[in-house]
>>> print(open('run02.cif').read())   # mmCIF, C-alpha atoms
data_model
loop_
_atom_site.label_atom_id
_atom_site.label_comp_id
_atom_site.auth_asym_id
_atom_site.auth_seq_id
_atom_site.Cartn_x
_atom_site.Cartn_y
_atom_site.Cartn_z
CA MET A 1 3.94 3.32 21.11
CA ILE A 2 2.07 5.54 18.70
CA GLY A 3 -1.40 4.23 17.87
CA LYS A 4 -1.78 3.15 14.28
CA ASP A 5 -4.41 5.77 13.56
CA LYS A 6 -2.18 8.58 14.81
CA ALA A 7 1.09 7.34 13.33
CA THR A 8 2.44 9.19 10.32
CA LEU A 9 3.92 7.47 7.29
CA ALA A 10 7.69 7.15 7.18
CA PRO A 11 9.33 9.05 4.31
CA ASP A 12 10.59 6.69 1.63
CA PHE A 13 14.26 6.57 0.74
CA SER A 14 16.50 4.64 -1.58
CA ALA A 15 20.25 4.21 -0.95
CA ALA A 16 23.12 1.81 -1.51
CA ASP A 17 24.03 -0.38 1.46
CA SER A 18 27.43 -1.76 2.52
CA GLU A 19 27.17 -4.50 -0.13
CA GLY A 20 26.24 -2.10 -2.91
CA ARG A 21 22.62 -3.24 -2.96
CA THR A 22 19.91 -0.64 -3.44
CA ILE A 23 17.75 -0.54 -0.34
CA ARG A 24 14.35 1.05 -0.66
CA LEU A 25 12.20 1.45 2.44
CA ALA A 26 8.97 1.07 0.46
CA ASP A 27 10.06 -2.43 -0.60
CA TYR A 28 9.33 -3.66 2.94
CA LYS A 29 5.75 -2.47 2.85
CA GLY A 30 3.33 -5.34 3.36
CA LYS A 31 6.24 -7.69 4.12
CA LYS A 32 8.25 -6.66 7.13
CA ASN A 33 8.40 -4.20 9.96
CA VAL A 34 11.54 -2.08 9.93
CA PHE A 35 13.66 -0.93 12.85
CA LEU A 36 15.56 2.07 11.51
CA VAL A 37 18.54 3.20 13.57
CA PHE A 38 20.65 6.31 13.06
CA ASN A 39 24.02 6.11 14.70
CA TRP A 40 26.48 8.88 15.53
CA GLY A 41 29.36 7.17 13.81
CA PHE A 42 30.87 3.77 13.15
CA ALA A 43 34.37 4.23 11.80
CA MET B 1 25.39 -2.08 17.51
CA ALA B 2 26.94 -5.12 19.23
CA GLN B 3 23.72 -5.54 21.20
CA LEU B 4 21.64 -5.35 18.01
CA ARG B 5 23.86 -7.94 16.37
CA HIS B 6 23.37 -10.18 19.39
CA ASP B 7 19.59 -9.68 19.32
CA TYR B 8 19.16 -9.79 15.54
CA GLN B 9 17.48 -13.21 15.44
CA ASN B 10 14.79 -11.88 17.79
CA PHE B 11 14.00 -9.20 15.21
CA VAL B 12 13.97 -11.75 12.37
CA ASP B 13 11.55 -13.87 14.40
CA ARG B 14 9.25 -10.83 14.56
CA GLU B 15 9.30 -10.31 10.78
CA THR B 16 11.42 -7.22 11.19
CA GLU B 17 14.42 -5.95 9.25
CA ILE B 18 16.99 -3.71 10.90
CA ILE B 19 18.44 -0.86 8.86
CA ALA B 20 21.31 1.08 10.43
CA VAL B 21 22.43 4.41 9.00
CA GLY B 22 25.78 6.05 9.77
CA PRO B 23 27.50 9.29 8.74
CA GLU B 24 30.50 7.69 7.03
CA GLY B 25 31.20 7.54 3.32
CA PRO B 26 30.59 4.22 1.54
CA ASP B 27 34.12 2.81 1.88
CA ALA B 28 34.69 3.63 5.55
CA PHE B 29 31.21 2.45 6.38
CA ALA B 30 31.49 -0.84 4.47
CA ASP B 31 34.91 -1.47 6.01
CA TRP B 32 33.53 -1.12 9.55
CA TRP B 33 30.45 -3.15 8.69
CA HIS B 34 32.47 -6.06 7.30
CA ARG B 35 35.02 -6.04 10.12
CA HIS B 36 32.24 -6.32 12.67
CA GLN B 37 30.28 -8.85 10.60
CA MET B 38 26.99 -7.08 11.04
CA PRO B 39 24.14 -9.37 9.87
CA PHE B 40 21.60 -6.71 8.98
CA ILE B 41 21.43 -3.81 6.54
CA GLY B 42 23.84 -0.91 6.92
CA ILE B 43 23.93 2.31 4.91
CA GLY B 44 26.61 5.00 4.90
CA ASP B 45 24.92 8.38 4.51
CA PRO B 46 27.72 11.00 4.44
CA LYS B 47 25.50 13.76 3.09
CA HIS B 48 22.84 13.00 5.70
CA VAL B 49 20.19 12.62 3.02
CA ILE B 50 18.26 9.99 4.95
CA ALA B 51 18.90 11.61 8.33
CA LYS B 52 17.41 14.86 7.07
CA LEU B 53 14.34 13.08 5.73
CA PHE B 54 13.77 11.76 9.23
CA GLY B 55 14.24 15.11 10.87
CA GLN B 56 17.62 14.61 12.41
CA GLN B 57 19.04 17.85 11.05
CA VAL B 58 18.15 19.70 14.24
CA LYS B 59 20.43 17.40 16.19
CA LEU B 60 23.10 17.66 13.57
CA LEU B 61 23.21 21.43 13.90
CA LYS B 62 22.76 21.77 17.62
CA LEU B 63 24.43 18.86 19.28
CA GLY B 64 26.40 16.90 16.79
CA ARG B 65 25.00 13.63 15.61
CA MET B 66 22.94 11.84 18.21
CA PRO B 67 21.21 8.48 17.92
CA ALA B 68 17.65 8.24 16.65
CA GLN B 69 15.41 5.19 16.35
CA PHE B 70 12.22 4.55 14.41
CA VAL B 71 9.92 1.56 14.51
CA ILE B 72 8.01 1.31 11.22
CA ASP B 73 5.17 -1.17 10.79
CA LYS B 74 4.31 -3.15 7.66
CA GLU B 75 2.01 -0.41 6.48
CA GLY B 76 4.91 2.04 6.53
CA ARG B 77 3.69 3.92 9.59
CA MET B 78 6.11 5.22 12.23
CA ARG B 79 4.97 3.55 15.44
CA ASN B 80 7.76 4.80 17.62
CA VAL B 81 10.01 7.78 17.14
CA HIS B 82 12.92 8.39 19.47
CA TYR B 83 15.51 11.14 19.15
CA GLY B 84 18.35 10.58 21.60
CA GLU B 85 19.55 13.50 23.68
CA SER B 86 22.84 11.78 24.35
CA MET B 87 24.74 8.83 22.92
CA GLN B 88 23.41 6.67 25.76
CA ASP B 89 19.83 7.81 25.24
CA ILE B 90 18.35 4.96 23.24
CA ILE B 91 15.35 2.69 23.62
CA THR B 92 16.49 -0.80 24.57
CA ASP B 93 16.11 -3.80 22.28
CA GLU B 94 13.74 -5.32 24.86
CA GLU B 95 11.44 -2.33 24.54
CA VAL B 96 11.56 -2.44 20.76
CA LEU B 97 10.88 -6.19 20.67
CA ALA B 98 7.90 -5.76 23.00
CA LEU B 99 6.56 -3.05 20.72
CA LEU B 100 7.03 -5.30 17.67
CA ASP B 101 5.09 -8.06 19.43
CA GLU B 102 2.28 -5.62 19.99
CA ILE B 103 2.32 -4.44 16.37
CA ASN B 104 2.33 -8.02 15.07
CA ARG B 105 -0.53 -9.01 17.37
CA GLU B 106 -2.52 -6.03 16.19
CA GLN B 107 -1.88 -7.00 12.58
CA ALA B 108 -2.85 -10.64 13.16
CA GLY B 109 -6.05 -9.35 14.77
CA SER B 110 -6.96 -7.12 11.85
CA LYS B 111 -6.36 -9.99 9.40
CA ALA B 112 -8.65 -12.28 11.36
CA ALA B 113 -11.37 -9.64 11.56
#
>>> encode(input="run02.cif", output="structure tokens")
Amino acid sequence: MIGKDKATLAPDFSAADSEGRTIRLADYKGKKNVFLVFNWGFA
Amino acid sequence: MAQLRHDYQNFVDRETEIIAVGPEGPDAFADWWHRHQMPFIGIGDPKHVIAKLFGQQVKLLKLGRMPAQFVIDKEGRMRNVHYGESMQDIITDEEVLALLDEINREQAGSKAA
């Protein structure tokens, strides 16, 4: 775990998800933690 | 991903959203996502726009796409950063959930103070 004082801010992004909704990382600020996972391939 | 689907409620209980990003185009990605009935957010990122923002381009060039995981707290800070060196090299859900418990405790503490 990275201590909160040493942790850097995540870069914001905005993209369409599988349902066509616009997902913006900054929208979770103050509301939820986010577990962001990059995968090598799904299909 | 099957493990994450299985554990999803544990993330919800910890006020945490899961966002998974894959290299497919929108149609192929959405097709896979729907077939596997994934309950959380999934984004197809064929141009690797998001992956590059998070510094995965090194892996893209050198090794092909490898997994990477980021735990981001409610203030938008990256509290855990993990770049996999192989497809099996990931932090387990148990480790992530323990970390989220710690982050949530910390936050509850700072609210009370």
>>> residues_around(input="run02.cif", residues="Asn39 in chain A", least_positions_apart="5", cutoff="8 Å", atoms="only C-alpha atoms", output="PyMOL selection string")
chain B and resi 20-23+65-68
>>> closest_atom_pairs(input="run02.cif", of="chain B", to="chain A", cutoff="6 Å", atoms="all atoms listed in the file", output="JSON lines")
{"residue": "B:Glu15", "atom": "CA", "partner": "A:Lys32", "partner_atom": "CA", "distance": 5.3}
{"residue": "B:Thr16", "atom": "CA", "partner": "A:Asn33", "partner_atom": "CA", "distance": 4.4}
{"residue": "B:Glu17", "atom": "CA", "partner": "A:Val34", "partner_atom": "CA", "distance": 4.9}
{"residue": "B:Ile18", "atom": "CA", "partner": "A:Phe35", "partner_atom": "CA", "distance": 4.8}
{"residue": "B:Ile19", "atom": "CA", "partner": "A:Leu36", "partner_atom": "CA", "distance": 4.9}
{"residue": "B:Ala20", "atom": "CA", "partner": "A:Val37", "partner_atom": "CA", "distance": 4.7}
{"residue": "B:Val21", "atom": "CA", "partner": "A:Phe38", "partner_atom": "CA", "distance": 4.8}
{"residue": "B:Gly22", "atom": "CA", "partner": "A:Asn39", "partner_atom": "CA", "distance": 5.2}
{"residue": "B:Pro23", "atom": "CA", "partner": "A:Gly41", "partner_atom": "CA", "distance": 5.8}
{"residue": "B:Ala30", "atom": "CA", "partner": "A:Ser18", "partner_atom": "CA", "distance": 4.6}
{"residue": "B:Trp32", "atom": "CA", "partner": "A:Ala43", "partner_atom": "CA", "distance": 5.9}
{"residue": "B:Gly42", "atom": "CA", "partner": "A:Asp17", "partner_atom": "CA", "distance": 5.5}
{"residue": "B:Ile43", "atom": "CA", "partner": "A:Asp17", "partner_atom": "CA", "distance": 4.4}
{"residue": "B:Arg65", "atom": "CA", "partner": "A:Trp40", "partner_atom": "CA", "distance": 5.0}
{"residue": "B:Met66", "atom": "CA", "partner": "A:Trp40", "partner_atom": "CA", "distance": 5.3}
{"residue": "B:Pro67", "atom": "CA", "partner": "A:Asn39", "partner_atom": "CA", "distance": 4.9}
{"residue": "B:Ala68", "atom": "CA", "partner": "A:Phe38", "partner_atom": "CA", "distance": 5.1}
{"residue": "B:Gln69", "atom": "CA", "partner": "A:Val37", "partner_atom": "CA", "distance": 4.6}
{"residue": "B:Phe70", "atom": "CA", "partner": "A:Leu36", "partner_atom": "CA", "distance": 5.1}
{"residue": "B:Val71", "atom": "CA", "partner": "A:Phe35", "partner_atom": "CA", "distance": 4.8}
{"residue": "B:Ile72", "atom": "CA", "partner": "A:Val34", "partner_atom": "CA", "distance": 5.1}
{"residue": "B:Asp73", "atom": "CA", "partner": "A:Asn33", "partner_atom": "CA", "distance": 4.5}
{"residue": "B:Lys74", "atom": "CA", "partner": "A:Asn33", "partner_atom": "CA", "distance": 4.8}
{"residue": "B:Glu75", "atom": "CA", "partner": "A:Lys29", "partner_atom": "CA", "distance": 5.6}
{"residue": "B:Gly76", "atom": "CA", "partner": "A:Leu9", "partner_atom": "CA", "distance": 5.6}
{"residue": "B:Arg77", "atom": "CA", "partner": "A:Leu9", "partner_atom": "CA", "distance": 4.2}
{"residue": "B:Met78", "atom": "CA", "partner": "A:Ala7", "partner_atom": "CA", "distance": 5.6}
{"residue": "B:Arg79", "atom": "CA", "partner": "A:Ile2", "partner_atom": "CA", "distance": 4.8}
{"residue": "B:Asn80", "atom": "CA", "partner": "A:Met1", "partner_atom": "CA", "distance": 5.4}
>>> atom_distance(input="run02.cif", atom1="CA of Gln3 in chain B", atom2="CA of His82 in chain B")
17.7 Å
>>> atom_distance(input="run02.cif", atom1="CA of His48 in chain B", atom2="CA of Gln9 in chain B")
28.5 Å
>>> residues_around(input="run02.cif", residues="Ala2 in chain B", least_positions_apart="4", cutoff="12 Å", atoms="all atoms listed in the file", output="PyMOL selection string")
(chain A and resi 42) or (chain B and resi 6-8+33+36-40+93)
>>> closest_residue(input="run02.cif", among="B:Phe11, B:Ala51, B:Leu4, B:Asp45", to="Tyr83 in chain B", atoms="only C-alpha atoms")
B:Ala51
>>> atom_distance(input="run02.cif", atom1="CA of Glu24 in chain B", atom2="CA of Lys47 in chain B")
8.8 Å
